[in-house]
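One file, coords_14.cif, carrying mmCIF, C-alpha atoms:
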```cif
data_data
#
loop_
_atom_site.label_atom_id
_atom_site.label_comp_id
_atom_site.auth_asym_id
_atom_site.auth_seq_id
_atom_site.Cartn_x
_atom_site.Cartn_y
_atom_site.Cartn_z
CA MET A 372 -3.94 12.32 29.50
CA VAL A 373 -0.54 11.43 28.00
CA ALA A 374 -1.96 8.27 26.46
CA ALA A 375 -4.98 10.15 25.13
CA PHE A 376 -2.67 12.67 23.52
CA LEU A 377 -0.62 9.88 21.97
CA GLY A 378 -3.76 8.22 20.69
CA LEU A 379 -5.06 11.33 18.99
CA ARG A 380 -1.68 12.43 17.62
CA LEU A 381 -0.46 8.91 16.77
CA TYR A 382 2.62 9.29 19.00
CA SER A 383 3.62 12.60 17.42
CA VAL A 384 4.69 10.73 14.31
CA LEU A 385 1.45 11.26 12.43
CA GLY A 386 -0.64 14.32 11.78
CA ARG A 387 -4.13 15.31 12.81
CA ARG A 388 -7.01 12.94 12.12
CA ALA A 389 -10.84 12.37 11.28
CA GLU A 390 -15.14 12.12 9.27
CA GLN A 391 -17.60 9.52 7.64
CA GLU A 392 -18.07 7.21 4.60
CA GLU A 393 -14.82 5.30 4.40
CA GLU A 394 -13.25 5.19 0.98
CA SER A 395 -12.12 1.81 -0.27
CA VAL A 396 -8.37 1.60 -0.75
CA PRO A 397 -5.99 -1.26 -1.56
CA GLN A 398 -4.91 -3.53 1.26
CA ARG A 399 -1.17 -3.59 0.57
CA PHE A 400 1.58 -2.24 -1.63
CA ASP A 401 0.19 -4.57 -4.27
CA SER A 402 -2.17 -3.76 -7.10
CA GLU A 403 -3.22 -7.42 -7.08
CA ASP A 404 -5.25 -9.01 -4.29
CA LYS A 405 -2.29 -10.56 -2.45
CA PRO A 406 -1.21 -10.18 1.18
CA VAL A 407 2.10 -8.52 0.33
CA ALA A 408 3.09 -4.90 0.89
CA THR A 409 4.54 -4.37 -2.56
CA VAL A 410 4.13 -2.50 -5.81
CA ARG A 411 3.68 -4.78 -8.82
CA PRO A 412 4.91 -3.69 -12.25
CA ALA A 413 2.67 -3.66 -15.31
CA ALA A 414 3.99 -6.25 -17.74
CA ALA A 415 5.32 -4.89 -21.01
CA ALA A 416 4.25 -1.35 -20.12
CA PRO A 417 6.61 1.65 -20.17
CA ALA A 418 7.79 2.51 -16.66
CA LEU A 419 6.90 6.18 -16.98
CA PRO A 420 4.99 7.95 -19.79
CA ALA A 421 6.22 11.25 -21.18
CA ARG A 422 4.19 13.20 -18.62
CA PRO A 423 1.96 11.06 -16.37
CA ALA A 424 -0.98 12.78 -14.69
CA GLU A 425 0.50 11.92 -11.28
CA LEU A 426 3.35 14.37 -11.95
CA GLU A 427 1.17 17.34 -12.87
CA GLY A 428 1.98 20.29 -10.65
CA VAL A 429 5.02 18.75 -8.94
CA MET A 430 8.34 20.56 -8.64
CA PRO A 431 11.00 19.80 -11.30
CA ALA A 432 13.25 18.20 -8.66
CA VAL A 433 10.46 15.80 -7.67
CA GLU A 434 9.81 14.80 -11.27
CA ARG A 435 13.53 14.32 -11.83
CA GLY A 436 13.70 12.00 -8.82
CA ILE A 437 10.76 9.92 -10.05
CA ARG A 438 12.29 9.60 -13.52
CA GLU A 439 15.63 8.52 -12.05
CA ILE A 440 13.90 5.79 -10.06
CA ALA A 441 11.88 4.65 -13.08
CA SER A 442 14.99 4.56 -15.27
CA ALA A 443 16.93 2.51 -12.72
CA ASP A 444 14.07 0.12 -11.87
CA ASN A 445 12.04 -1.20 -14.80
CA ARG A 446 9.53 -2.69 -12.33
CA PHE A 447 8.54 0.73 -11.02
CA VAL A 448 5.12 2.02 -12.14
CA LEU A 449 4.17 5.37 -10.62
CA GLY A 450 0.40 4.89 -10.73
CA GLN A 451 0.64 1.50 -9.04
CA PHE A 452 3.03 2.88 -6.44
CA LEU A 453 0.56 5.61 -5.45
CA GLU A 454 -2.30 3.14 -5.35
CA GLY A 455 -0.25 0.89 -3.09
CA ALA A 456 0.79 3.84 -0.91
CA ARG A 457 -2.87 4.65 -0.27
CA GLY A 458 -3.46 1.06 0.77
CA ALA A 459 -0.44 1.10 3.08
CA TYR A 460 -1.59 4.37 4.66
CA LYS A 461 -4.95 2.81 5.54
CA MET A 462 -3.40 -0.42 6.80
CA VAL A 463 -0.77 1.24 8.99
CA LEU A 464 -3.29 3.60 10.59
CA GLU A 465 -5.74 0.81 11.34
CA ALA A 466 -2.98 -1.47 12.64
CA PHE A 467 -1.83 1.27 15.01
CA TRP A 468 -5.34 2.01 16.23
CA ASN A 469 -5.98 -1.71 16.83
CA GLY A 470 -2.59 -2.44 18.37
CA ASP A 471 -1.75 -4.86 15.53
CA ARG A 472 2.01 -5.14 15.91
CA ASP A 473 2.39 -7.91 13.30
CA THR A 474 1.01 -5.77 10.48
CA LEU A 475 3.10 -2.79 11.56
CA ARG A 476 6.20 -5.00 11.57
CA GLU A 477 5.53 -6.02 7.95
CA LEU A 478 5.06 -2.48 6.66
CA CYS A 479 7.45 -0.32 8.70
CA ASP A 480 11.19 -0.14 9.20
CA ASP A 481 12.71 -0.57 12.67
CA ASP A 482 12.57 3.07 13.79
CA VAL A 483 8.99 3.73 12.70
CA PHE A 484 7.87 0.38 14.12
CA ALA A 485 9.49 1.18 17.47
CA GLY A 486 7.66 4.51 17.63
CA PHE A 487 4.29 2.91 16.98
CA VAL A 488 4.90 0.16 19.52
CA ALA A 489 5.90 2.67 22.20
CA ALA A 490 2.62 4.53 21.69
CA ILE A 491 0.60 1.30 21.73
CA GLU A 492 2.24 0.17 24.97
CA ALA A 493 1.58 3.54 26.63
CA ARG A 494 -2.06 3.34 25.58
CA GLU A 495 -2.42 -0.22 26.86
CA ALA A 496 -0.78 0.64 30.17
CA ALA A 497 -3.36 3.40 30.66
CA GLY A 498 -6.18 0.99 29.79
CA GLU A 499 -7.29 3.12 26.88
CA THR A 500 -8.61 2.11 23.46
CA LEU A 501 -9.05 3.98 20.19
CA GLU A 502 -12.17 3.91 18.03
CA ASN A 503 -10.79 5.75 15.02
CA THR A 504 -12.16 5.52 11.50
CA LEU A 505 -10.53 6.56 8.24
CA ILE A 506 -13.43 8.26 6.48
CA ARG A 507 -11.78 9.11 3.19
CA ILE A 508 -8.45 9.97 1.61
CA GLU A 509 -8.98 13.30 -0.10
CA GLU A 510 -5.60 13.62 -1.78
CA THR A 511 -2.49 11.55 -2.47
CA ARG A 512 0.42 13.44 -4.00
CA ILE A 513 4.15 12.91 -4.49
CA HIS A 514 5.95 15.22 -2.08
CA SER A 515 9.57 14.33 -2.86
CA ALA A 516 11.56 11.60 -4.59
CA SER A 517 15.22 10.67 -4.75
CA LEU A 518 17.58 7.88 -5.75
CA ASP A 519 20.73 7.63 -3.64
CA GLY A 520 22.86 4.88 -5.11
CA ARG A 521 20.46 1.93 -5.20
CA MET A 522 18.14 3.24 -2.47
CA ALA A 523 14.94 4.83 -3.74
CA ARG A 524 12.92 7.02 -1.41
CA ILE A 525 9.54 8.56 -2.22
CA ALA A 526 7.61 10.81 0.17
CA VAL A 527 3.84 10.98 -0.29
CA LEU A 528 1.48 13.63 1.05
CA PHE A 529 -1.82 12.21 2.30
CA VAL A 530 -4.76 14.48 3.07
CA ALA A 531 -7.48 12.50 4.82
CA ASP A 532 -10.54 12.83 7.05
CA ILE A 533 -10.47 10.74 10.23
CA ALA A 534 -12.98 10.36 13.06
CA ALA A 535 -11.23 9.71 16.36
CA VAL A 536 -12.45 8.62 19.81
CA THR A 537 -10.42 7.56 22.85
CA ARG A 538 -12.09 5.55 25.63
CA ASP A 539 -10.81 4.79 29.12
CA ARG A 540 -10.71 1.33 30.70
CA ASP A 541 -14.38 1.70 31.68
CA GLY A 542 -15.45 2.53 28.14
CA HIS A 543 -16.04 6.23 28.75
CA VAL A 544 -15.13 8.68 25.99
CA ILE A 545 -12.27 10.85 27.21
CA ALA A 546 -11.26 12.48 23.91
CA GLY A 547 -12.56 12.97 20.39
CA SER A 548 -15.92 12.39 18.73
CA LEU A 549 -17.20 10.12 15.98
CA ASP A 550 -19.55 12.91 14.88
CA ASP A 551 -16.76 15.31 13.96
CA ALA A 552 -14.03 14.60 11.44
CA ILE A 553 -10.56 16.12 11.59
CA GLU A 554 -8.42 16.74 8.52
CA SER A 555 -5.11 14.90 8.66
CA ARG A 556 -2.12 15.97 6.56
CA ASP A 557 0.73 13.46 6.71
CA VAL A 558 3.92 13.07 4.71
CA TRP A 559 5.06 9.44 4.74
CA THR A 560 8.31 8.35 3.14
CA PHE A 561 8.65 4.89 1.61
CA SER A 562 11.98 3.33 0.65
CA ARG A 563 13.24 0.36 -1.33
CA ASN A 564 16.60 -0.97 -2.46
CA ILE A 565 16.04 -1.29 -6.19
CA ALA A 566 18.86 -3.84 -6.44
CA SER A 567 16.97 -6.19 -4.13
CA ARG A 568 14.77 -9.00 -5.38
CA ASP A 569 12.31 -8.03 -2.68
CA PRO A 570 9.71 -5.79 -4.37
CA ASN A 571 8.42 -4.40 -1.06
CA TRP A 572 8.49 -0.71 -0.16
CA MET A 573 8.86 -0.01 3.55
CA LEU A 574 7.56 2.97 5.51
CA ASP A 575 10.73 4.55 6.91
CA GLU A 576 9.65 8.04 7.99
CA THR A 577 6.46 9.85 8.99
CA ASP A 578 5.83 13.54 9.46
CA GLU A 579 3.03 16.10 9.41
CA GLY A 580 2.25 17.73 6.08
#
```

Render the structure in this file as structure tokens.
Amino acid sequence: MVAAFLGLRLYSVLGRRAEQEEESVPQRFDSEDKPVATVRPAAAAPALPARPAELEGVMPAVERGIREIASADNRFVLGQFLEGARGAYKMVLEAFWNGDRDTLRELCDDDVFAGFVAAIEAREAAGETLENTLIRIEETRIHSASLDGRMARIAVLFVADIAAVTRDRDGHVIAGSLDDAIESRDVWTFSRNIASRDPNWMLDETDEG
């Protein structure tokens, strides 16, 4: 029962899950088709327009944080960042569900990685498996943004539909249903040292939205 709870709640680090017709999202923090979890800048394009659509409706403090990051890092492009964040959201969820520690290691910082691994190990010890499917991401919105010295942190709210099933070691369904989708609301925070040559953003915090 503990492992089933962890499977459905993603070790208490993620929100609720679940539905059908998976929406295609990027594979990494990379607008190009490359196996790197990074946001790529648009060559010769302004970092942030006067009022990009992605900032409509956000609080003034959030917009101020985004503009500070864009001013300090000429490689930062808000639209590409959000596109990459959607891809990372999909990849991290699927890696957790499949027990793919290598992918989680690439995309998460030490603390978040350790939380996922603990949940995976508990699930494996109980002989349970997850058959979860990301149906669609309904909304991706900037939740907060800040620049502390050279460390940029951006929190993104994801609203998604996920179908979730947990099976025991004999293959019997012990929780969830693929016929019913659950709305998931998660706030994931990504960070990057803008002084670093490494363009990768790492997932360094997860919470429920």

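If only C-alpha atoms are the atoms counted, then among A:Ile513, A:Val488, A:Leu501, A:Leu464 the closest residue to Ala424 in chain A is A:Ile513.
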
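Using only C-alpha atoms, the shortest contact distance between Val429 in chain A and any of A:Val536, A:Ala516, A:Val558, A:Ala552 is found at A:Ala516.
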
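Distance check against Gly580 in chain A using all atoms listed in the file: of A:Val483, A:Leu518, A:Leu478, A:Ala531, the minimum falls on A:Ala531.
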
Next on the checklist: With all atoms listed in the file as the counted atoms, please give the residues lying no more than 12 Å from Pro423 in chain A, apart from itself and same-chain residues fewer than 6 positions off, as number ranges by chain.
Outcome noted: A: 417, 429, 434, 437-438, 448-450

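Candidate residues A:Ile525, A:Leu505, A:Ala497, A:Leu475 were compared for distance to Val433 in chain A, and the nearest is A:Ile525, using only C-alpha atoms.
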
Checklist entry - Using all atoms listed in the file, which of the listed residues (A:Met522, A:Thr537, A:Glu579, A:Arg556) sits closest to Asp444 in chain A? => result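 Of A:Met522, A:Thr537, A:Glu579, A:Arg556, the one nearest Asp444 in chain A, counting all atoms listed in the file, is A:Met522.
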
Item to check | For CA of Trp559 in chain A and CA of Leu574 in chain A, the interatomic separation in Å (one decimal) | outcome: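 Answer for the CA of Trp559 in chain A to CA of Leu574 in chain A separation: 7.0 Å.
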
Next on the checklist: Within 6 Å of (2.3, 14.7, -3.8) in the file's own coordinates, which protein, DNA or RNA residues have an atom, counting only C-alpha atoms? List them as number ranges by chain.
Outcome noted: A: 511-514, 527-528

Tell me which residues the PyMOL selection byres ((chain A and resi 472) around 12) grabs here, as a PDB file with C-alpha atoms, in the frame of the given file.
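And here's result-v6.pdb as it stands now:
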```pdb
ATOM      1  CA  MET A 462      -3.400  -0.420   6.800  1.00  0.00           C
ATOM      2  CA  VAL A 463      -0.770   1.240   8.990  1.00  0.00           C
ATOM      3  CA  LEU A 464      -3.290   3.600  10.590  1.00  0.00           C
ATOM      4  CA  GLU A 465      -5.740   0.810  11.340  1.00  0.00           C
ATOM      5  CA  ALA A 466      -2.980  -1.470  12.640  1.00  0.00           C
ATOM      6  CA  PHE A 467      -1.830   1.270  15.010  1.00  0.00           C
ATOM      7  CA  TRP A 468      -5.340   2.010  16.230  1.00  0.00           C
ATOM      8  CA  ASN A 469      -5.980  -1.710  16.830  1.00  0.00           C
ATOM      9  CA  GLY A 470      -2.590  -2.440  18.370  1.00  0.00           C
ATOM     10  CA  ASP A 471      -1.750  -4.860  15.530  1.00  0.00           C
ATOM     11  CA  ASP A 473       2.390  -7.910  13.300  1.00  0.00           C
ATOM     12  CA  THR A 474       1.010  -5.770  10.480  1.00  0.00           C
ATOM     13  CA  LEU A 475       3.100  -2.790  11.560  1.00  0.00           C
ATOM     14  CA  ARG A 476       6.200  -5.000  11.570  1.00  0.00           C
ATOM     15  CA  GLU A 477       5.530  -6.020   7.950  1.00  0.00           C
ATOM     16  CA  LEU A 478       5.060  -2.480   6.660  1.00  0.00           C
ATOM     17  CA  CYS A 479       7.450  -0.320   8.700  1.00  0.00           C
ATOM     18  CA  VAL A 483       8.990   3.730  12.700  1.00  0.00           C
ATOM     19  CA  PHE A 484       7.870   0.380  14.120  1.00  0.00           C
ATOM     20  CA  ALA A 485       9.490   1.180  17.470  1.00  0.00           C
ATOM     21  CA  GLY A 486       7.660   4.510  17.630  1.00  0.00           C
ATOM     22  CA  PHE A 487       4.290   2.910  16.980  1.00  0.00           C
ATOM     23  CA  VAL A 488       4.900   0.160  19.520  1.00  0.00           C
ATOM     24  CA  ALA A 489       5.900   2.670  22.200  1.00  0.00           C
ATOM     25  CA  ALA A 490       2.620   4.530  21.690  1.00  0.00           C
ATOM     26  CA  ILE A 491       0.600   1.300  21.730  1.00  0.00           C
ATOM     27  CA  GLU A 492       2.240   0.170  24.970  1.00  0.00           C
TER      28      GLU A 492
END
```

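One finds CA of Ile508 in chain A at 16.1 Å from CA of Ala526 in chain A.
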
Next on the checklist: Would you compute the distance between CA of Phe452 in chain A and CA of Trp572 in chain A? Give it in Å to one decimal.
Outcome noted: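 According to the coordinates, CA of Phe452 in chain A and CA of Trp572 in chain A are separated by 9.1 Å.
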
Checklist entry - Of the residues A:Ala535, A:Met430, A:Leu549, A:Ala523, which is the one nearest to Phe447 in chain A, using only C-alpha atoms? => result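 For Phe447 in chain A, the nearest of the given residues is A:Ala523.
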
Write out as lines of an AutoDock Vina configuration file an axis-aligned box for range 514-526 of chain A: all of its atoms listed in the file, 4 Å added on each side, centre and edge lengths in Å with one decimal.
```
center_x = 14.4
center_y = 8.6
center_z = -2.8
size_x = 24.9
size_y = 21.3
size_z = 13.9
```

Restrict the output to range 474-518 of chain A and C-alpha atoms, then write it as a compact mmCIF listing (two decimals), in the first residue's frame.
```txt
# COMPACT_ATOMS: atom_id res chain seq x y z
CA THR A 474 17.56 10.10 -17.43
CA LEU A 475 16.57 11.39 -13.99
CA ARG A 476 20.24 11.90 -13.15
CA GLU A 477 20.69 14.06 -16.27
CA LEU A 478 17.70 16.30 -15.60
CA CYS A 479 17.51 16.63 -11.79
CA ASP A 480 19.74 18.02 -9.08
CA ASP A 481 20.95 15.78 -6.24
CA ASP A 482 18.04 16.28 -3.85
CA VAL A 483 15.27 15.78 -6.41
CA PHE A 484 17.11 12.80 -7.91
CA ALA A 485 17.44 11.20 -4.47
CA GLY A 486 13.70 11.58 -3.86
CA PHE A 487 12.80 9.91 -7.13
CA VAL A 488 15.25 7.07 -6.58
CA ALA A 489 13.89 6.40 -3.09
CA ALA A 490 10.38 6.06 -4.52
CA ILE A 491 11.58 3.81 -7.35
CA GLU A 492 13.41 1.54 -4.92
CA ALA A 493 10.35 1.27 -2.66
CA ARG A 494 8.22 0.36 -5.66
CA GLU A 495 10.70 -2.25 -6.87
CA ALA A 496 11.00 -3.79 -3.41
CA ALA A 497 7.22 -4.24 -3.35
CA GLY A 498 7.30 -5.80 -6.83
CA GLU A 499 5.02 -3.14 -8.23
CA THR A 500 5.04 -1.43 -11.62
CA LEU A 501 3.41 1.72 -12.96
CA GLU A 502 1.52 1.99 -16.25
CA ASN A 503 1.06 5.74 -16.30
CA THR A 504 0.45 7.83 -19.40
CA LEU A 505 0.76 11.57 -19.85
CA ILE A 506 -2.35 12.34 -21.88
CA ARG A 507 -1.87 16.04 -22.43
CA ILE A 508 -0.37 19.16 -20.90
CA GLU A 509 -3.24 21.61 -20.62
CA GLU A 510 -1.29 24.62 -19.37
CA THR A 511 2.30 25.75 -18.89
CA ARG A 512 2.74 29.05 -17.07
CA ILE A 513 5.54 30.92 -15.31
CA HIS A 514 4.84 30.76 -11.58
CA SER A 515 7.86 32.67 -10.25
CA ALA A 516 11.27 33.85 -11.41
CA SER A 517 14.32 35.28 -9.69
CA LEU A 518 17.99 36.02 -10.21
```
